[in-house]
file entry-v4.cif (mmCIF, C-alpha atoms)
data_query
loop_
_atom_site.label_atom_id
_atom_site.label_comp_id
_atom_site.auth_asym_id
_atom_site.auth_seq_id
_atom_site.Cartn_x
_atom_site.Cartn_y
_atom_site.Cartn_z
CA MET A 26 -93.04 125.26 -5.22
CA VAL A 27 -92.60 121.58 -6.03
CA GLY A 28 -92.64 119.46 -2.88
CA SER A 29 -89.76 117.14 -2.02
CA GLY A 30 -91.96 114.04 -2.52
CA ILE A 31 -92.75 115.06 -6.10
CA LYS A 32 -89.11 115.95 -6.79
CA ARG A 33 -87.95 112.60 -5.46
CA GLY A 34 -90.62 110.78 -7.47
CA THR A 35 -89.56 112.43 -10.74
CA ALA A 36 -85.91 111.82 -9.95
CA GLU A 37 -86.53 108.13 -9.32
CA LEU A 38 -88.49 107.84 -12.56
CA ALA A 39 -85.70 109.59 -14.46
CA ILE A 40 -83.01 107.28 -13.07
CA LEU A 41 -85.01 104.11 -13.66
CA SER A 42 -85.82 105.25 -17.20
CA VAL A 43 -82.22 105.88 -18.25
CA LEU A 44 -81.12 102.60 -16.70
CA GLU A 45 -83.74 100.78 -18.75
CA THR A 46 -81.46 101.14 -21.75
CA GLY A 47 -78.52 99.45 -20.04
CA GLU A 48 -76.07 99.76 -17.17
CA LEU A 49 -74.46 103.12 -16.50
CA HIS A 50 -72.20 104.70 -13.90
CA GLY A 51 -73.30 107.70 -11.84
CA TYR A 52 -71.74 110.41 -13.99
CA GLU A 53 -73.24 108.90 -17.13
CA ILE A 54 -76.68 108.62 -15.48
CA ALA A 55 -76.61 112.35 -14.67
CA ARG A 56 -75.32 113.23 -18.15
CA ARG A 57 -77.95 111.18 -19.96
CA ILE A 58 -80.80 112.61 -17.90
CA GLU A 59 -79.63 116.14 -18.60
CA GLN A 60 -79.22 115.36 -22.30
CA GLN A 61 -82.54 113.59 -22.72
CA THR A 62 -84.51 116.24 -20.86
CA ARG A 63 -82.61 119.03 -22.69
CA GLY A 64 -81.32 120.38 -19.42
CA LYS A 65 -84.71 120.52 -17.69
CA LEU A 66 -83.62 117.91 -15.16
CA ARG A 67 -80.14 118.16 -13.72
CA PHE A 68 -78.48 116.03 -11.12
CA THR A 69 -75.50 117.15 -9.13
CA LEU A 70 -73.31 114.65 -7.35
CA ALA A 71 -74.98 115.68 -4.07
CA SER A 72 -78.48 115.02 -5.36
CA LEU A 73 -77.71 111.85 -7.32
CA TYR A 74 -75.83 109.53 -4.99
CA PRO A 75 -78.06 109.59 -1.87
CA LEU A 76 -80.95 108.75 -4.20
CA LEU A 77 -79.05 106.01 -6.03
CA TYR A 78 -78.01 104.45 -2.71
CA ARG A 79 -81.59 104.58 -1.44
CA MET A 80 -82.82 102.92 -4.63
CA GLU A 81 -80.12 100.30 -4.26
CA LYS A 82 -81.25 99.58 -0.70
CA ARG A 83 -84.79 99.15 -1.94
CA GLY A 84 -83.51 96.66 -4.48
CA TRP A 85 -84.53 98.66 -7.57
CA VAL A 86 -80.98 99.02 -8.90
CA ARG A 87 -77.74 97.16 -8.29
CA GLY A 88 -74.26 98.64 -8.47
CA ALA A 89 -71.08 96.72 -9.34
CA TRP A 90 -67.50 97.82 -9.94
CA GLN A 91 -66.25 97.52 -13.51
CA LEU A 92 -63.21 98.56 -15.46
CA SER A 93 -63.95 101.12 -18.14
CA PRO A 94 -62.29 100.90 -21.58
CA THR A 95 -59.81 103.50 -20.27
CA LYS A 96 -58.97 101.11 -17.39
CA ARG A 97 -60.72 103.18 -14.78
CA ARG A 98 -62.81 101.62 -12.04
CA ARG A 99 -66.40 102.78 -12.22
CA ARG A 100 -69.41 101.61 -10.24
CA CYS A 101 -72.09 100.80 -12.79
CA TYR A 102 -75.76 100.49 -11.97
CA ARG A 103 -78.33 98.31 -13.64
CA LEU A 104 -82.02 97.77 -13.14
CA THR A 105 -83.00 94.76 -11.07
CA PRO A 106 -86.18 92.78 -11.80
CA ALA A 107 -87.80 94.72 -8.90
CA GLY A 108 -86.73 98.01 -10.51
CA LYS A 109 -88.15 96.95 -13.89
CA LYS A 110 -91.38 96.02 -12.18
CA LYS A 111 -91.50 99.40 -10.45
CA LEU A 112 -90.90 101.37 -13.64
CA SER A 113 -94.20 100.81 -15.48
CA PRO A 114 -96.59 101.69 -12.61
CA LEU A 115 -94.39 104.69 -11.82
CA ARG A 116 -94.63 105.85 -15.45
CA ALA A 117 -98.39 105.32 -15.42
CA GLU A 118 -98.75 107.35 -12.21
CA TRP A 119 -96.75 110.26 -13.59
CA ALA A 120 -98.55 110.17 -16.95
CA GLU A 121 -101.84 110.32 -15.08
CA LEU A 122 -100.63 113.23 -12.96
CA PHE A 123 -99.40 115.21 -16.00
CA GLN A 124 -102.66 114.58 -17.86
CA ALA A 125 -104.61 115.85 -14.88
CA LEU A 126 -102.41 118.94 -14.66
CA GLN A 127 -102.77 119.59 -18.40
CA LYS A 128 -106.55 119.39 -18.08
CA LEU A 129 -106.42 121.86 -15.23
CA ALA A 130 -104.22 124.20 -17.25
CA LYS A 131 -106.66 124.03 -20.21
CA VAL A 132 -109.60 124.81 -17.92
CA ALA A 133 -107.67 127.77 -16.55
CA ASP A 134 -106.86 129.03 -20.08
CA ALA A 135 -110.46 128.70 -21.32
CA MET B 2 -54.83 116.05 -11.98
CA PRO B 3 -56.09 116.61 -8.41
CA ASP B 4 -56.21 113.69 -6.00
CA TRP B 5 -59.98 113.44 -5.84
CA GLU B 6 -60.00 110.46 -3.49
CA THR B 7 -58.02 112.37 -0.86
CA LEU B 8 -60.27 115.38 -1.27
CA VAL B 9 -63.51 113.39 -0.94
CA SER B 10 -62.05 111.32 1.88
CA SER B 11 -61.21 114.44 3.92
CA ARG B 12 -64.63 115.98 3.35
CA LEU B 13 -66.51 112.81 4.17
CA ALA B 14 -64.18 111.82 6.99
CA HIS B 15 -67.01 111.04 9.39
CA LEU B 16 -69.16 108.80 7.24
CA ALA B 17 -70.75 106.32 9.65
CA LEU B 18 -70.13 103.28 7.47
CA ASP B 19 -67.78 100.36 7.83
CA GLU B 20 -64.35 100.90 6.32
CA ARG B 21 -64.93 98.86 3.14
CA GLU B 22 -68.20 100.60 2.38
CA ARG B 23 -66.72 104.00 3.19
CA GLN B 24 -63.85 103.42 0.76
CA GLU B 25 -66.33 102.37 -1.94
CA VAL B 26 -68.39 105.52 -1.52
CA ILE B 27 -65.27 107.70 -1.55
CA ALA B 28 -63.91 105.99 -4.68
CA GLU B 29 -67.25 106.32 -6.45
CA LEU B 30 -67.73 110.01 -5.67
CA ALA B 31 -64.08 110.74 -6.51
CA ALA B 32 -64.53 109.04 -9.89
CA HIS B 33 -67.61 111.20 -10.53
CA LEU B 34 -65.72 114.41 -9.71
CA GLU B 35 -62.86 113.29 -11.93
CA GLU B 36 -65.27 112.85 -14.87
CA ILE B 37 -66.66 116.33 -14.32
CA TYR B 38 -63.16 117.81 -14.05
CA GLU B 39 -62.17 116.15 -17.32
CA ALA B 40 -65.35 117.27 -19.06
CA PHE B 41 -64.52 120.87 -18.09
CA ARG B 42 -60.93 120.45 -19.29
CA GLN B 43 -62.12 119.05 -22.62
CA LYS B 44 -64.31 122.12 -23.04
CA GLY B 45 -61.17 124.24 -22.70
CA HIS B 46 -61.46 125.38 -19.09
CA SER B 47 -58.31 125.97 -17.05
CA HIS B 48 -57.19 123.51 -14.38
CA ASP B 49 -58.41 125.80 -11.56
CA ASP B 50 -61.76 126.51 -13.23
CA ALA B 51 -62.28 122.80 -13.82
CA ILE B 52 -61.63 122.06 -10.14
CA ARG B 53 -64.00 124.85 -9.10
CA GLY B 54 -66.64 123.57 -11.50
CA ALA B 55 -66.36 120.05 -10.13
CA LEU B 56 -66.56 121.24 -6.54
CA LEU B 57 -69.77 123.16 -7.28
CA GLN B 58 -71.45 119.76 -7.41
CA VAL B 59 -71.62 119.76 -3.63
CA ASP B 60 -72.87 122.78 -1.65
CA ASP B 61 -72.74 121.21 1.76
CA TRP B 62 -70.51 118.18 2.39
CA ASN B 63 -71.93 117.62 5.87
CA LYS B 64 -75.44 117.41 4.47
CA LEU B 65 -74.25 114.99 1.77
CA ARG B 66 -72.54 112.87 4.41
CA ARG B 67 -75.73 112.69 6.48
CA GLU B 68 -77.84 111.79 3.46
CA ILE B 69 -75.43 109.06 2.38
CA ASP B 70 -75.37 107.69 5.92
CA ILE B 71 -79.16 107.54 6.04
CA ALA B 72 -79.43 106.06 2.55
CA ARG B 73 -76.84 103.36 3.21
CA THR B 74 -77.55 102.41 6.81
CA LYS B 75 -80.48 100.23 5.73
CA GLY B 76 -82.31 103.37 4.61
CA ASN B 77 -83.49 103.68 8.17
CA ALA B 78 -83.49 107.03 9.93
CA VAL B 79 -84.01 105.30 13.28
CA ASN B 80 -80.67 103.49 12.97
CA ALA B 81 -78.92 106.72 12.08
CA ARG B 82 -80.50 108.45 15.08
CA THR B 83 -79.35 105.64 17.36
CA SER B 84 -75.75 105.92 16.23
CA ARG B 85 -75.72 109.73 16.21
CA LEU B 86 -77.57 110.47 19.40
CA TRP B 87 -78.48 107.57 21.67
CA VAL B 88 -75.26 105.56 21.62
CA PRO B 89 -73.01 108.60 22.25
CA SER B 90 -75.43 109.85 24.94
CA LEU B 91 -75.44 106.54 26.79
CA VAL B 92 -71.64 106.24 26.52
CA THR B 93 -71.29 109.74 28.00
CA LEU B 94 -73.71 108.93 30.80
CA ALA B 95 -71.95 105.63 31.59
CA ALA B 96 -68.53 107.32 31.54
CA SER B 97 -69.68 110.07 33.90
CA VAL B 98 -71.22 107.61 36.37
CA ILE B 99 -68.18 105.31 36.26
CA THR B 100 -65.74 108.16 36.85
CA LEU B 101 -67.91 109.51 39.65
CA ILE B 102 -67.92 106.12 41.40
CA GLY B 103 -64.24 105.63 40.56
CA PHE B 104 -63.17 108.90 42.15
CA ALA B 105 -65.25 108.10 45.23
CA PHE B 106 -63.23 104.88 45.60
CA LEU B 107 -59.91 106.72 45.28
CA GLY B 108 -60.31 107.96 48.83
CA LEU B 109 -60.09 111.64 47.94
CA LYS B 110 -60.93 114.12 50.63
CA PRO B 111 -64.55 115.25 50.94
CA GLY B 112 -65.50 118.53 49.32
CA PRO B 113 -66.41 122.03 50.50
CA LEU B 114 -70.01 122.01 49.49
CA GLY B 115 -71.71 120.69 52.60
CA SER B 116 -72.03 117.47 54.62
CA PRO B 117 -74.19 114.63 53.35
CA ASN B 118 -75.47 114.20 56.91
CA LYS B 119 -76.91 117.68 56.85
CA GLY B 120 -78.01 117.37 53.24
CA ILE B 121 -81.15 115.85 51.91
CA TRP B 122 -81.67 112.14 51.48
CA TRP B 123 -81.17 111.97 47.76
CA SER B 124 -77.83 113.73 47.96
CA HIS B 125 -76.65 110.28 49.15
CA LEU B 126 -77.23 109.11 45.59
CA ILE B 127 -73.83 110.60 44.92
CA GLY B 128 -72.31 109.61 48.26
CA GLY B 129 -70.26 112.22 50.07
CA ILE B 130 -69.07 114.03 46.97
CA THR B 131 -70.53 117.33 48.04
CA SER B 132 -69.29 117.24 51.60
CA GLY B 133 -66.29 118.46 53.60
CA PRO B 134 -63.95 121.42 53.66
CA TYR B 135 -61.38 120.53 50.96
CA MET B 136 -61.08 122.03 47.48
CA VAL B 137 -59.58 118.89 45.91
CA ASN B 138 -62.22 116.29 46.52
CA GLU B 139 -64.22 113.66 44.65
CA TYR B 140 -66.60 116.23 43.27
CA THR B 141 -64.07 118.74 41.95
CA VAL B 142 -61.91 115.99 40.43
CA TRP B 143 -65.02 114.60 38.77
CA LEU B 144 -65.81 118.05 37.39
CA MET B 145 -62.34 118.26 35.91
CA ALA B 146 -62.91 114.95 34.11
CA LEU B 147 -66.24 116.03 32.66
CA PRO B 148 -64.92 118.12 29.73
CA LEU B 149 -63.13 115.00 28.48
CA ILE B 150 -66.35 113.01 28.79
CA GLY B 151 -68.29 115.73 26.96
CA ALA B 152 -65.66 115.69 24.22
CA LEU B 153 -65.98 111.89 23.99
CA GLY B 154 -69.73 112.18 23.44
CA ALA B 155 -69.19 114.89 20.81
CA ARG B 156 -66.58 112.77 19.04
CA LEU B 157 -68.84 109.72 18.84
CA SER B 158 -71.76 111.78 17.58
CA ILE B 159 -69.67 113.67 14.99
CA ARG B 160 -68.14 110.42 13.73
CA ALA B 161 -71.64 109.02 13.26
CA GLY B 162 -72.62 112.12 11.28
CA GLY B 163 -74.66 113.83 14.00
CA THR B 164 -76.06 117.33 13.60
CA VAL B 165 -74.90 120.11 15.95
CA ARG B 166 -77.99 119.41 18.08
CA ASP B 167 -77.14 115.68 18.32
CA VAL B 168 -73.54 116.52 19.21
CA VAL B 169 -74.51 118.92 22.00
CA ILE B 170 -77.17 116.62 23.48
CA SER B 171 -74.78 113.63 23.36
CA GLY B 172 -72.09 115.63 25.15
CA VAL B 173 -74.22 117.07 27.94
CA PHE B 174 -76.47 114.03 28.33
CA PRO B 175 -75.33 113.17 31.90
CA ALA B 176 -76.48 116.61 33.10
CA LEU B 177 -79.81 116.14 31.31
CA ALA B 178 -80.17 112.72 32.93
CA TRP B 179 -79.55 114.24 36.37
CA LEU B 180 -82.11 116.92 35.65
CA THR B 181 -84.69 114.25 34.80
CA ILE B 182 -83.82 112.23 37.90
CA LEU B 183 -84.17 115.32 40.08
CA PHE B 184 -87.59 116.08 38.65
CA VAL B 185 -88.77 112.49 39.03
CA VAL B 186 -87.45 112.18 42.60
CA GLN B 187 -88.82 115.61 43.45
CA SER B 188 -92.29 114.72 42.17
CA PHE B 189 -92.16 111.34 43.90
CA ALA B 190 -91.05 112.87 47.20
CA ALA B 191 -93.69 115.59 46.95
CA SER B 192 -96.40 113.00 46.34
CA LEU B 193 -95.39 111.17 49.53
CA GLY B 194 -96.13 114.35 51.44
CA ARG B 195 -95.45 114.35 55.17
CA GLY B 196 -91.99 113.93 56.59
CA LEU B 197 -90.22 114.91 53.38
CA GLU B 198 -90.63 118.67 53.60
CA ALA B 199 -86.90 119.23 54.18
CA GLU B 200 -85.92 117.04 51.26
CA THR B 201 -88.20 118.79 48.83
CA ALA B 202 -87.53 122.30 50.11
CA PRO B 203 -86.79 124.65 47.19
CA VAL B 204 -83.41 125.56 48.64
CA ASN B 205 -82.26 121.92 48.61
CA VAL B 206 -83.61 121.29 45.16
CA ALA B 207 -81.86 124.41 43.89
CA ARG B 208 -78.62 123.28 45.55
CA LEU B 209 -78.71 119.89 43.84
CA MET B 210 -79.72 121.49 40.58
CA ILE B 211 -76.58 123.61 40.71
CA LEU B 212 -74.30 120.77 41.86
CA LEU B 213 -75.58 118.03 39.58
CA VAL B 214 -76.97 119.83 36.56
CA LEU B 215 -75.64 123.35 36.05
CA ILE B 216 -71.98 122.96 37.02
CA PRO B 217 -71.45 119.51 35.47
CA GLY B 218 -73.48 120.59 32.43
CA THR B 219 -71.19 123.58 31.93
CA CYS B 220 -68.09 121.38 32.24
CA LEU B 221 -69.48 118.87 29.73
CA LEU B 222 -70.42 121.68 27.35
CA LEU B 223 -66.88 123.07 27.50
CA GLY B 224 -65.59 119.70 26.30
CA VAL B 225 -68.21 119.53 23.56
CA ARG B 226 -67.41 123.02 22.30
CA ALA B 227 -63.66 122.42 22.37
CA TYR B 228 -63.95 119.13 20.44
CA HIS B 229 -66.46 120.55 17.98
CA ALA B 230 -64.24 123.56 17.26
CA ALA B 231 -61.20 121.31 16.82
CA ALA B 232 -63.12 118.99 14.48
CA LYS B 233 -64.29 121.94 12.39
CA ARG B 234 -60.74 123.28 12.19
CA ARG B 235 -59.44 119.87 11.09
CA THR B 236 -62.10 119.62 8.36
CA LYS B 237 -61.25 123.12 7.11
CA LEU B 238 -57.53 122.36 7.03
CA ALA B 239 -58.14 119.08 5.22
CA ALA B 240 -60.29 120.91 2.66
#
call {"tool": "encode", "arguments": {"input": "entry-v4.cif", "output": "structure tokens"}}
result
Amino acid sequence: MVGSGIKRGTAELAILSVLETGELHGYEIARRIEQQTRGKLRFTLASLYPLLYRMEKRGWVRGAWQLSPTKRRRRCYRLTPAGKKKLSPLRAEWAELFQALQKLAKVADA
Amino acid sequence: MPDWETLVSSRLAHLALDERERQEVIAELAAHLEEIYEAFRQKGHSHDDAIRGALLQVDDWNKLRREIDIARTKGNAVNARTSRLWVPSLVTLAASVITLIGFAFLGLKPGPLGSPNKGIWWSHLIGGITSGPYMVNEYTVWLMALPLIGALGARLSIRAGGTVRDVVISGVFPALAWLTILFVVQSFAASLGRGLEAETAPVNVARLMILLVLIPGTCLLLGVRAYHAAAKRRTKLAA
């Protein structure tokens, strides 16, 4: 069972990573994450927005209303300098964790 | 095309945010549901299936409301707890004390539950409300007002996104406060020892427990339950 801390950590990394490529609205963030992880990570509305709002409060992302090409109002999020700064240590931490887990898995297989 | 803003607005009616922020959240979530609905429609799903598919995004709207409240109220669970539990509880307590004092000033007849002169010294904390031979007296009128006060506490807590536990505690808080006061006074009086045997006699303590905790607590709880049931019914109808 994956603990809530780990789930939240991966979710934050996923959101920051997709926003690295440019600003996106909530639906598009969820869609891109699902696409890029080939459906391994999925966000529902209920799981996405509390996290996005928390990240906004922490100053990692900033949301602003924009008009889409189809003239619809959408709240788009972009990475802030603090969010960009957070992204690389977060990636390093997760890479380290996955490497450690892979080593453990290899030891178990051997 | 369904009116997603109305739907989200009814399901998140009690978001504890200021009006501008609340409208922003509702508009944003409605826009998200609209995108999902359209994606389903583009894949060839029927109108009803597309609505159902969009609504599957949220299992529990109350949980979502609480999480949004916590995330947006400075990300601070303590603030959320204050608005969901402590503020409604203190309002309920203040309202119950004010009405109690207010009814005492109305000059209503004393009650049937015993004379303050024969009672114990801390029964004077509530004046003569438990004294006299009349059924309509300060105490019984106060009891009749308590369901409204309990409902007020429940309303404030529900509006702030409180859990069922928060709502119940907020509503019956005056009775809990009396219970605490009785315990504190009881312990204090017992520690003084001599001369206070009558005041701390189990029969007197039990009497005050019934008059100040059990009966008022039941009245407050009736108000809480009635308001909670009505709020649930409203949410269901809106959905």
call {"tool": "interface_residues", "arguments": {"input": "entry-v4.cif", "of": "chain B", "to": "chain A", "cutoff": "10 Å", "atoms": "only C-alpha atoms", "output": "PyMOL selection string"}}
result
chain B and resi 25-26+28-30+32-37+55-62+64-77
call {"tool": "write_last_selection", "arguments": {"input": "entry-v4.cif", "atoms": "C-alpha atoms", "output": "compact mmCIF listing (two decimals), in the coordinates of the input"}}
result
# COMPACT_ATOMS: atom_id res chain seq x y z
CA GLU B 25 -66.33 102.37 -1.94
CA VAL B 26 -68.39 105.52 -1.52
CA ALA B 28 -63.91 105.99 -4.68
CA GLU B 29 -67.25 106.32 -6.45
CA LEU B 30 -67.73 110.01 -5.67
CA ALA B 32 -64.53 109.04 -9.89
CA HIS B 33 -67.61 111.20 -10.53
CA LEU B 34 -65.72 114.41 -9.71
CA GLU B 35 -62.86 113.29 -11.93
CA GLU B 36 -65.27 112.85 -14.87
CA ILE B 37 -66.66 116.33 -14.32
CA ALA B 55 -66.36 120.05 -10.13
CA LEU B 56 -66.56 121.24 -6.54
CA LEU B 57 -69.77 123.16 -7.28
CA GLN B 58 -71.45 119.76 -7.41
CA VAL B 59 -71.62 119.76 -3.63
CA ASP B 60 -72.87 122.78 -1.65
CA ASP B 61 -72.74 121.21 1.76
CA TRP B 62 -70.51 118.18 2.39
CA LYS B 64 -75.44 117.41 4.47
CA LEU B 65 -74.25 114.99 1.77
CA ARG B 66 -72.54 112.87 4.41
CA ARG B 67 -75.73 112.69 6.48
CA GLU B 68 -77.84 111.79 3.46
CA ILE B 69 -75.43 109.06 2.38
CA ASP B 70 -75.37 107.69 5.92
CA ILE B 71 -79.16 107.54 6.04
CA ALA B 72 -79.43 106.06 2.55
CA ARG B 73 -76.84 103.36 3.21
CA THR B 74 -77.55 102.41 6.81
CA LYS B 75 -80.48 100.23 5.73
CA GLY B 76 -82.31 103.37 4.61
CA ASN B 77 -83.49 103.68 8.17
call {"tool": "resolve_selection", "arguments": {"input": "entry-v4.cif", "expression": "the PyMOL selection byres ((chain B and resi 171-176) around 10)", "output": "JSON, numbers by chain"}}
result
{"B": [85, 86, 87, 88, 89, 90, 91, 92, 93, 94, 95, 96, 97, 98, 147, 148, 149, 150, 151, 152, 153, 154, 155, 156, 157, 158, 159, 163, 165, 166, 167, 168, 169, 170, 177, 178, 179, 180, 181, 182, 210, 212, 213, 214, 215, 216, 217, 218, 219, 220, 221, 222, 223, 224, 225, 226]}
call {"tool": "atom_distance", "arguments": {"input": "entry-v4.cif", "atom1": "atom CA of Glu6 of chain B", "atom2": "atom CA of His46 of chain B"}}
result
21.6 Å
call {"tool": "atom_distance", "arguments": {"input": "entry-v4.cif", "atom1": "atom CA of Ala161 of chain B", "atom2": "atom CA of Thr83 of chain B"}}
result
9.4 Å
call {"tool": "atom_distance", "arguments": {"input": "entry-v4.cif", "atom1": "atom CA of Arg208 of chain B", "atom2": "atom CA of Leu183 of chain B"}}
result
11.1 Å
call {"tool": "axis_aligned_box", "arguments": {"input": "entry-v4.cif", "around": "segment 71-80 of chain A", "padding_each_side": "4 Å", "output": "JSON"}}
result
{"center_x": -78.9, "center_y": 109.3, "center_z": -4.4, "size_x": 15.8, "size_y": 20.8, "size_z": 13.9}
call {"tool": "closest_residue", "arguments": {"input": "entry-v4.cif", "among": "A:Ile58, A:Ala107, A:Leu115, A:Ala89", "to": "Gly34 of chain A", "atoms": "only C-alpha atoms"}}
result
A:Leu115
call {"tool": "closest_residue", "arguments": {"input": "entry-v4.cif", "among": "A:Gln124, A:Gln91, A:Thr105, A:Thr62", "to": "Thr35 of chain A", "atoms": "only C-alpha atoms"}}
result
A:Thr62
call {"tool": "closest_residue", "arguments": {"input": "entry-v4.cif", "among": "A:Val86, A:Arg103, A:Trp119, A:Gly64", "to": "Gly47 of chain A", "atoms": "only C-alpha atoms"}}
result
A:Arg103
call {"tool": "resolve_selection", "arguments": {"input": "entry-v4.cif", "expression": "the PyMOL selection byres ((chain A and resi 110) around 12)", "output": "list in words"}}
result
Leu41, Ser42, Glu45, Gly84, Trp85, Val86, Leu104, Thr105, Pro106, Ala107, Gly108, Lys109, Lys111, Leu112, Ser113, Pro114, Leu115 and Arg116 of chain A
